Structure formats: structure tokens, C-alpha cells
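First comes the structure, then the notes that go with it.
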Amino acid sequence: MSVVTAGVVVLDCAQPEKLAQFYKELMDAEETDATANRVEIRSADGTRLAFRRDANATPPSWPRPENSLQAHLELVVTDLDAAERRIVSLGGRPVDTKDSAGPLQERGYADPAGHSFTLRHALPTAPKQG
């Protein structure tokens, strides 16, 4: 029997309400809990994220090595270009969008508070024919 019943990724940031709004709109999620210093959201597929107030939060510097990647989110999408347009319209920015050929196409971004995340192209799940 597991003693852990659920998990949530928590991002520290100066403005949790603003950052939660970015991810709510990006992931079509709903707010499930909010206090003065923490906001939690959950997407339709059950992905849970929380944003905790830290007035001294410093964004990671990824892809530069100093203060580099501390943690990052990986979001699966069906259309990389459409997702990129949505991210930019919500205040995010590309940090590594070079095309990566092969079965795992992915691109790197930063949210409005500077946290890095990756978009990964969803692979087709249809069975092989023939």
C-alpha cells in the first residue's frame, strides 16, 4: 500500500495568480485551490500544477549552464506550431525551437515567470497496418 496518494508539481514564482492563469489557459485547466500564497490547477486529464509565491524567485537560466534547468514540465501536443502561437499569445517565449527531426519532435519554451517547459509532439497511437 502506497503512503503517497497524489503528487503535484509546484513552481515557485513572484506572482502565482498570473502564472496559474497562463497555465490554466494553455492547458484548458481549472483552479482547484487558492490561498494568498499558492494556486493549484488541474487539467481535464488530471495533470496537477501549483504555483507558490516566492518574492525572491529567480528564473532558471536554461539553456545556459549557470543556475540551469532545475525542473521543467513536458507538455504533449498534437500541433507544435499551433501550440507555439498559443504560448506566445499568453506571454510565454521560445527558448529552443530548432526543429528536431525524428520520432520525438520537441521545442523548448519559458513561461512568463521564466520557468522552462518542453512541448513534445504526440506520437500517433494507431496500430501498424500490414
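Letters A, B, ... go to the chains of the C-alpha cells in the order shown; residues in each chain start at 1; ligands are counted from 1 in the same order.
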Contacts of Arg107 in chain A within 12 Å, only C-alpha atoms, excl. fewer than 6 positions in-chain, as a VMD selection string
chain A and resid 73 to 77 79 to 81 83 to 84 87 93 to 101 116 to 121
Shell around Tyr23 in chain A at 12 Å using only C-alpha atoms, local window under 3 positions removed, as a PyMOL selection string
chain A and resi 11+16-20+26-31+39-43+47-51+73+75+86-87+90-92+110-113+115+117
Go ahead and save the picked residues with N, CA, C and O atoms, as a short mmCIF file (atom, residue, chain, number, x, y, z; two decimals), in the first residue's frame.
```
data_model
loop_
_atom_site.label_atom_id
_atom_site.label_comp_id
_atom_site.auth_asym_id
_atom_site.auth_seq_id
_atom_site.Cartn_x
_atom_site.Cartn_y
_atom_site.Cartn_z
N LEU A 11 5.68 25.18 -8.86
CA LEU A 11 6.64 26.15 -9.37
C LEU A 11 6.64 27.37 -8.46
O LEU A 11 5.58 27.94 -8.19
N PRO A 16 1.98 34.09 -8.29
CA PRO A 16 1.33 32.81 -8.59
C PRO A 16 0.00 32.94 -9.32
O PRO A 16 -0.33 32.08 -10.15
N GLU A 17 -0.75 33.98 -9.06
CA GLU A 17 -2.04 34.14 -9.74
C GLU A 17 -1.84 34.31 -11.25
O GLU A 17 -2.55 33.70 -12.05
N LYS A 18 -0.87 35.13 -11.63
CA LYS A 18 -0.60 35.37 -13.06
C LYS A 18 -0.08 34.11 -13.74
O LYS A 18 -0.49 33.78 -14.85
N LEU A 19 0.83 33.41 -13.08
CA LEU A 19 1.40 32.21 -13.69
C LEU A 19 0.35 31.10 -13.79
O LEU A 19 0.28 30.38 -14.78
N ALA A 20 -0.49 30.98 -12.77
CA ALA A 20 -1.57 29.98 -12.82
C ALA A 20 -2.50 30.28 -13.99
O ALA A 20 -2.95 29.36 -14.69
N LEU A 26 -3.39 27.74 -21.15
CA LEU A 26 -2.62 26.87 -22.04
C LEU A 26 -3.14 25.43 -22.00
O LEU A 26 -3.24 24.77 -23.03
N MET A 27 -3.47 24.94 -20.81
CA MET A 27 -3.87 23.54 -20.63
C MET A 27 -5.38 23.35 -20.51
O MET A 27 -5.84 22.25 -20.27
N ASP A 28 -6.15 24.42 -20.68
CA ASP A 28 -7.60 24.37 -20.50
C ASP A 28 -7.93 23.71 -19.17
O ASP A 28 -8.70 22.74 -19.09
N ALA A 29 -7.32 24.23 -18.12
CA ALA A 29 -7.44 23.65 -16.77
C ALA A 29 -8.38 24.48 -15.92
O ALA A 29 -8.81 25.57 -16.30
N GLU A 30 -8.65 23.96 -14.73
CA GLU A 30 -9.49 24.70 -13.78
C GLU A 30 -8.72 24.87 -12.47
O GLU A 30 -7.88 24.05 -12.10
N GLU A 31 -9.02 25.95 -11.78
CA GLU A 31 -8.41 26.20 -10.48
C GLU A 31 -9.08 25.31 -9.45
O GLU A 31 -10.30 25.24 -9.39
N VAL A 39 -1.57 28.77 -5.65
CA VAL A 39 -2.71 28.47 -6.52
C VAL A 39 -2.46 27.11 -7.15
O VAL A 39 -1.35 26.84 -7.62
N GLU A 40 -3.47 26.26 -7.15
CA GLU A 40 -3.34 24.94 -7.78
C GLU A 40 -4.38 24.80 -8.88
O GLU A 40 -5.51 25.26 -8.74
N ILE A 41 -3.96 24.15 -9.99
CA ILE A 41 -4.87 23.89 -11.10
C ILE A 41 -4.82 22.41 -11.47
O ILE A 41 -3.88 21.71 -11.12
N ARG A 42 -5.87 21.96 -12.19
CA ARG A 42 -5.91 20.57 -12.69
C ARG A 42 -6.52 20.60 -14.09
O ARG A 42 -7.57 21.20 -14.31
N SER A 43 -5.85 19.91 -15.01
CA SER A 43 -6.37 19.83 -16.38
C SER A 43 -7.36 18.68 -16.48
O SER A 43 -7.50 17.87 -15.56
N THR A 47 -3.70 16.26 -14.85
CA THR A 47 -2.42 16.87 -14.55
C THR A 47 -2.61 18.01 -13.54
O THR A 47 -3.46 18.87 -13.74
N ARG A 48 -1.82 17.97 -12.47
CA ARG A 48 -1.95 18.98 -11.42
C ARG A 48 -0.67 19.81 -11.34
O ARG A 48 0.43 19.26 -11.32
N LEU A 49 -0.84 21.13 -11.29
CA LEU A 49 0.26 22.06 -11.11
C LEU A 49 -0.12 23.04 -10.01
O LEU A 49 -1.28 23.39 -9.87
N ALA A 50 0.89 23.48 -9.26
CA ALA A 50 0.65 24.51 -8.26
C ALA A 50 1.73 25.58 -8.42
O ALA A 50 2.83 25.32 -8.91
N PHE A 51 1.40 26.78 -7.98
CA PHE A 51 2.28 27.93 -8.11
C PHE A 51 2.36 28.60 -6.74
O PHE A 51 1.35 29.02 -6.19
N LEU A 73 8.62 21.20 -17.12
CA LEU A 73 7.41 20.49 -17.49
C LEU A 73 7.55 20.02 -18.92
O LEU A 73 8.19 20.68 -19.74
N LEU A 75 4.95 19.04 -21.91
CA LEU A 75 3.56 19.02 -22.32
C LEU A 75 3.45 18.37 -23.69
O LEU A 75 4.22 18.70 -24.60
N ARG A 86 -0.04 29.80 -29.39
CA ARG A 86 -0.83 29.97 -28.17
C ARG A 86 0.06 30.42 -27.01
O ARG A 86 -0.28 31.30 -26.25
N ILE A 87 1.22 29.79 -26.87
CA ILE A 87 2.16 30.12 -25.79
C ILE A 87 2.58 31.58 -25.89
O ILE A 87 2.54 32.32 -24.90
N LEU A 90 -0.04 34.05 -24.91
CA LEU A 90 -0.30 34.08 -23.47
C LEU A 90 0.85 34.70 -22.68
O LEU A 90 0.78 34.81 -21.46
N GLY A 91 1.93 35.08 -23.35
CA GLY A 91 3.04 35.73 -22.67
C GLY A 91 4.27 34.86 -22.48
O GLY A 91 5.25 35.29 -21.88
N GLY A 92 4.26 33.62 -22.98
CA GLY A 92 5.44 32.77 -22.93
C GLY A 92 6.38 33.12 -24.06
O GLY A 92 6.06 33.94 -24.92
N ALA A 110 9.78 29.17 -22.32
CA ALA A 110 9.75 29.67 -20.95
C ALA A 110 8.39 30.30 -20.72
O ALA A 110 7.85 30.97 -21.61
N ASP A 111 7.83 30.08 -19.54
CA ASP A 111 6.56 30.71 -19.19
C ASP A 111 6.84 32.17 -18.82
O ASP A 111 8.00 32.61 -18.79
N PRO A 112 5.80 32.98 -18.53
CA PRO A 112 6.03 34.39 -18.23
C PRO A 112 6.95 34.65 -17.03
O PRO A 112 7.56 35.71 -16.94
N ALA A 113 7.08 33.69 -16.11
CA ALA A 113 7.97 33.86 -14.96
C ALA A 113 9.36 33.29 -15.21
O ALA A 113 10.22 33.36 -14.34
N HIS A 115 10.14 29.96 -16.07
CA HIS A 115 10.29 28.52 -15.92
C HIS A 115 10.28 27.87 -17.30
O HIS A 115 9.46 28.19 -18.14
N PHE A 117 9.80 24.88 -20.07
CA PHE A 117 8.98 23.70 -20.32
C PHE A 117 9.17 23.29 -21.77
O PHE A 117 9.64 24.06 -22.59
#
```
Between A:Thr32, A:Asn37, A:Thr78, A:Gln105, which is the closest to Asp54 in chain A once you count only C-alpha atoms?
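Of A:Thr32, A:Asn37, A:Thr78, A:Gln105, the one nearest Asp54 in chain A is A:Asn37, counting only C-alpha atoms.
One finds CA of Phe22 in chain A at 9.9 Å from CA of Ser89 in chain A.
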DSSP says alpha helix (DSSP H) for which residues of range 4-42 of chain A? Put them as a list in words?
Pro16, Glu17, Lys18, Leu19, Ala20, Gln21, Phe22, Tyr23, Lys24, Glu25, Leu26 and Met27 of chain A
